[in-house]
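J.: If it helps, the file is called input_0.cif and holds mmCIF, C-alpha atoms:
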data_work
#
loop_
_atom_site.label_atom_id
_atom_site.label_comp_id
_atom_site.auth_asym_id
_atom_site.auth_seq_id
_atom_site.Cartn_x
_atom_site.Cartn_y
_atom_site.Cartn_z
CA MET A 74 -27.95 -26.62 20.30
CA LYS A 75 -26.77 -24.90 23.44
CA LEU A 76 -24.43 -21.93 22.93
CA ASN A 77 -21.53 -21.40 25.26
CA ARG A 78 -21.84 -17.94 26.84
CA GLU A 79 -18.04 -17.56 27.02
CA ILE A 80 -17.71 -18.11 23.26
CA ILE A 81 -20.45 -15.58 22.54
CA TRP A 82 -18.80 -13.06 24.91
CA MET A 83 -15.37 -13.56 23.25
CA CYS A 84 -16.88 -13.06 19.78
CA LEU A 85 -18.64 -9.87 20.86
CA CYS A 86 -15.43 -8.55 22.45
CA ALA A 87 -13.41 -9.37 19.34
CA MET A 88 -15.92 -7.56 17.13
CA ALA A 89 -15.89 -4.52 19.43
CA LEU A 90 -12.09 -4.39 19.52
CA GLY A 91 -11.92 -4.75 15.76
CA ALA A 92 -14.18 -1.76 15.35
CA VAL A 93 -11.54 0.48 16.93
CA GLY A 94 -9.25 0.20 13.89
CA CYS A 95 -10.34 0.44 10.30
CA GLN A 96 -12.41 -2.50 9.14
CA ASP A 97 -12.05 -1.89 5.43
CA PRO A 98 -8.85 -0.11 4.39
CA LYS A 99 -9.15 1.61 1.05
CA VAL A 100 -6.94 3.17 -1.56
CA ASP A 101 -6.72 6.80 -0.39
CA ALA A 102 -4.92 8.17 -3.44
CA LYS A 103 -4.30 7.03 -7.00
CA ARG A 104 -1.57 8.72 -8.99
CA ARG A 105 0.26 8.44 -12.31
CA ILE A 106 3.75 9.74 -11.70
CA LYS A 107 6.11 10.63 -14.51
CA VAL A 108 9.41 8.76 -14.07
CA ASN A 109 11.02 9.95 -17.31
CA ASP A 110 10.09 11.69 -20.59
CA LYS A 111 8.09 8.73 -21.89
CA MET A 112 7.07 6.68 -18.87
CA GLU A 113 4.62 6.93 -15.99
CA ALA A 114 4.23 4.71 -12.94
CA ASP A 115 0.75 3.88 -11.70
CA VAL A 116 0.63 4.24 -7.89
CA TRP A 117 -1.81 3.59 -5.05
CA VAL A 118 -1.39 5.07 -1.56
CA LEU A 119 -3.09 3.57 1.49
CA GLN A 120 -2.96 5.78 4.57
CA HIS A 121 -2.77 4.38 8.10
CA CYS A 122 -5.92 3.94 10.13
CA LYS A 123 -6.32 6.92 12.36
CA VAL A 124 -5.90 4.86 15.54
CA THR A 125 -2.67 6.77 16.12
CA GLU A 126 -1.82 10.36 15.26
CA GLN A 127 1.19 9.47 13.11
CA PRO A 128 1.87 6.33 11.10
CA ILE A 129 4.46 3.90 12.41
CA ALA A 130 6.30 4.41 9.11
CA THR A 131 5.72 4.04 5.37
CA ALA A 132 6.10 0.70 3.62
CA VAL A 133 6.80 0.56 -0.11
CA LEU A 134 5.52 -2.78 -1.40
CA LEU A 135 6.87 -4.02 -4.72
CA HIS A 136 5.13 -6.81 -6.59
CA PRO A 137 6.88 -9.92 -7.96
CA TRP A 138 7.77 -10.33 -11.62
CA LEU A 139 4.76 -10.78 -13.96
CA THR A 140 2.22 -9.40 -11.46
CA ASP A 141 1.03 -5.90 -10.52
CA LYS A 142 0.45 -3.77 -7.44
CA GLY A 143 -2.88 -5.46 -6.78
CA TYR A 144 -0.96 -8.61 -5.88
CA MET A 145 0.36 -6.82 -2.77
CA LEU A 146 -2.93 -5.16 -1.77
CA GLY A 147 -3.82 -7.72 0.92
CA LEU A 148 -0.48 -7.25 2.68
CA GLY A 149 -0.86 -3.47 2.32
CA GLU A 150 -4.30 -3.57 3.94
CA SER A 151 -2.89 -5.59 6.84
CA LEU A 152 -0.11 -3.04 7.39
CA VAL A 153 -2.61 -0.15 7.23
CA ARG A 154 -4.69 -1.78 9.98
CA GLU A 155 -1.53 -1.92 12.11
CA GLY A 156 -0.82 1.81 11.66
CA TRP A 157 1.47 1.97 8.60
CA ASP A 158 1.14 4.10 5.46
CA VAL A 159 1.60 1.96 2.34
CA VAL A 160 2.66 2.76 -1.24
CA LEU A 161 1.93 0.24 -3.99
CA ILE A 162 3.64 0.79 -7.35
CA ASP A 163 3.15 -0.88 -10.72
CA LEU A 164 6.75 -1.21 -11.86
CA ARG A 165 7.60 -0.47 -15.49
CA ASN A 166 6.13 -2.98 -17.95
CA HIS A 167 3.61 -4.18 -15.34
CA GLY A 168 -0.02 -3.40 -14.58
CA LYS A 169 -1.13 0.08 -15.59
CA SER A 170 2.34 1.62 -15.77
CA THR A 171 3.66 2.43 -19.22
CA TRP A 172 6.02 0.14 -21.10
CA GLY A 173 9.66 0.85 -21.75
CA PRO A 174 13.10 -0.67 -21.52
CA SER A 175 13.69 -2.98 -18.59
CA GLY A 176 16.62 -2.11 -16.37
CA TRP A 177 16.63 -5.50 -14.63
CA GLY A 178 16.39 -3.58 -11.36
CA ALA A 179 18.58 -0.53 -11.94
CA LEU A 180 16.00 1.60 -13.78
CA GLU A 181 13.21 0.30 -11.60
CA ALA A 182 15.06 1.37 -8.44
CA ARG A 183 15.34 4.89 -9.87
CA ASP A 184 11.62 4.83 -10.73
CA VAL A 185 10.74 3.90 -7.14
CA ARG A 186 12.86 6.78 -5.83
CA ILE A 187 11.12 9.26 -8.17
CA VAL A 188 7.69 7.95 -7.14
CA MET A 189 8.51 8.19 -3.44
CA ASP A 190 9.90 11.72 -3.81
CA ALA A 191 6.61 12.76 -5.48
CA VAL A 192 4.40 11.02 -2.91
CA ILE A 193 6.34 12.57 0.00
CA LYS A 194 6.30 16.02 -1.63
CA GLU A 195 2.51 15.75 -1.95
CA LYS A 196 2.37 14.79 1.77
CA LEU A 197 0.44 11.58 1.06
CA VAL A 198 2.72 9.64 3.44
CA SER A 199 4.92 10.52 6.37
CA GLY A 200 7.45 8.97 8.68
CA ASP A 201 10.38 6.77 7.81
CA VAL A 202 10.18 4.86 4.53
CA TYR A 203 10.94 1.15 4.31
#
I need this file expressed as structure tokens, please.

T.:
Amino acid sequence: MKLNREIIWMCLCAMALGAVGCQDPKVDAKRRIKVNDKMEADVWVLQHCKVTEQPIATAVLLHPWLTDKGYMLGLGESLVREGWDVVLIDLRNHGKSTWGPSGWGALEARDVRIVMDAVIKEKLVSGDVY
């Protein structure tokens, strides 16, 4: 089988360009953050690849009902490769976070705010938060 030199060259260039960013994003920080007297949220932080000095911004990724933060990990890794910081949170009654009353969104929104305040205070992420 004859190999096309252009195809080989394009593959080598693509591999070289890919090596500039991070090939394998990882969870940079794992935290359990107290959101009230009885409950803690389990949190992962992925920090942007150091291709740029500062991250583009911080993305907070929330998982769908009946899943956990791991469900959003692939999207988080993609954003990290593009220069974003990412925060993944197990919402109450999901994953490794503790169980408690569901607020059907109201309590969960407060939990996310508390988590983000703690993560920002610890300087795990920077930039605007989306």

J.: Check the smallest atom-to-atom distance from each of A:Leu139, A:Leu119, A:Ala114, A:Leu134 to A:Asp184 using all atoms listed in the file, then report the winner.

T.: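 Smallest separation from A:Asp184 among the options: A:Ala114.
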
J.: Under the PyMOL selection byres ((chain A and resi 138) around 12), which residues of this model are included? Write them out as a PyMOL selection string.

T.: chain A and resi 135-137+139-142+144+163-168+175+177-178+181

J.: Taking the file above as input, evaluate the PyMOL selection byres ((chain A and resi 201) around 12) and report the hits as a PDB file with C-alpha atoms, keeping the file's coordinate frame.

T.:
ATOM      1  CA  GLN A 127       1.190   9.470  13.110  1.00  0.00           C
ATOM      2  CA  PRO A 128       1.870   6.330  11.100  1.00  0.00           C
ATOM      3  CA  ILE A 129       4.460   3.900  12.410  1.00  0.00           C
ATOM      4  CA  ALA A 130       6.300   4.410   9.110  1.00  0.00           C
ATOM      5  CA  THR A 131       5.720   4.040   5.370  1.00  0.00           C
ATOM      6  CA  ALA A 132       6.100   0.700   3.620  1.00  0.00           C
ATOM      7  CA  VAL A 133       6.800   0.560  -0.110  1.00  0.00           C
ATOM      8  CA  TRP A 157       1.470   1.970   8.600  1.00  0.00           C
ATOM      9  CA  ASP A 158       1.140   4.100   5.460  1.00  0.00           C
ATOM     10  CA  VAL A 159       1.600   1.960   2.340  1.00  0.00           C
ATOM     11  CA  MET A 189       8.510   8.190  -3.440  1.00  0.00           C
ATOM     12  CA  ILE A 193       6.340  12.570   0.000  1.00  0.00           C
ATOM     13  CA  VAL A 198       2.720   9.640   3.440  1.00  0.00           C
ATOM     14  CA  SER A 199       4.920  10.520   6.370  1.00  0.00           C
ATOM     15  CA  GLY A 200       7.450   8.970   8.680  1.00  0.00           C
ATOM     16  CA  VAL A 202      10.180   4.860   4.530  1.00  0.00           C
ATOM     17  CA  TYR A 203      10.940   1.150   4.310  1.00  0.00           C
TER      18      TYR A 203
END

J.: Quote the spacing between atom CA of A:Arg105 and atom CA of A:Leu152 in Å to one decimal place.

T.: 22.8 Å

J.: Could you check the closest approach to A:Val153 for each of A:Cys122, A:Val116, A:Val100, A:Val188 and tell me which residue wins, using all atoms listed in the file?

T.: A:Cys122

J.: Using all atoms listed in the file for the distances, tell me which of A:Arg154, A:Arg104, A:Lys169, A:Lys194 is nearest to A:Gln120.

T.: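 Distance minimum relative to A:Gln120 lands on A:Arg154.
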
J.: Would you work out the distance separating atom CA of A:Gly176 from atom CA of A:Lys103, expressed in Å to one decimal?

T.: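 Here the two named atoms are 24.7 Å from each other.
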
J.: From the set A:Met145, A:Lys107, A:Glu113, A:Asp190, which residue has the shortest atom-to-atom contact distance to A:Trp172, counting all atoms listed in the file?

T.: A:Glu113

J.: So what do you get for atom CA of A:Val160 versus atom CA of A:Val192, distance-wise?

T.: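 Computed distance, atom CA of A:Val160 to atom CA of A:Val192, equals 8.6 Å.
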
J.: Between A:Glu155, A:Asp115, A:Asp101, A:Glu150, which has the minimum distance to A:Leu197 (counting only C-alpha atoms)?

T.: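 Using only C-alpha atoms, the shortest distance to A:Leu197 belongs to A:Asp101.
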
J.: Hey, could you pull the box centre and edge lengths for stretch 190-195 of chain A, axis-aligned, 3 Å padding per side, all listed atoms, to one decimal in Å, as lines of an AutoDock Vina configuration file?

T.:
center_x = 6.2
center_y = 13.5
center_z = -2.7
size_x = 13.4
size_y = 11.0
size_z = 11.5

J.: Choose the residue, out of A:Gly173, A:Arg186, A:Leu180, A:Ala102, that has the smallest atom-to-atom separation from A:Val118; count all atoms listed in the file.

T.: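 Closest to A:Val118 of all the choices is A:Ala102.
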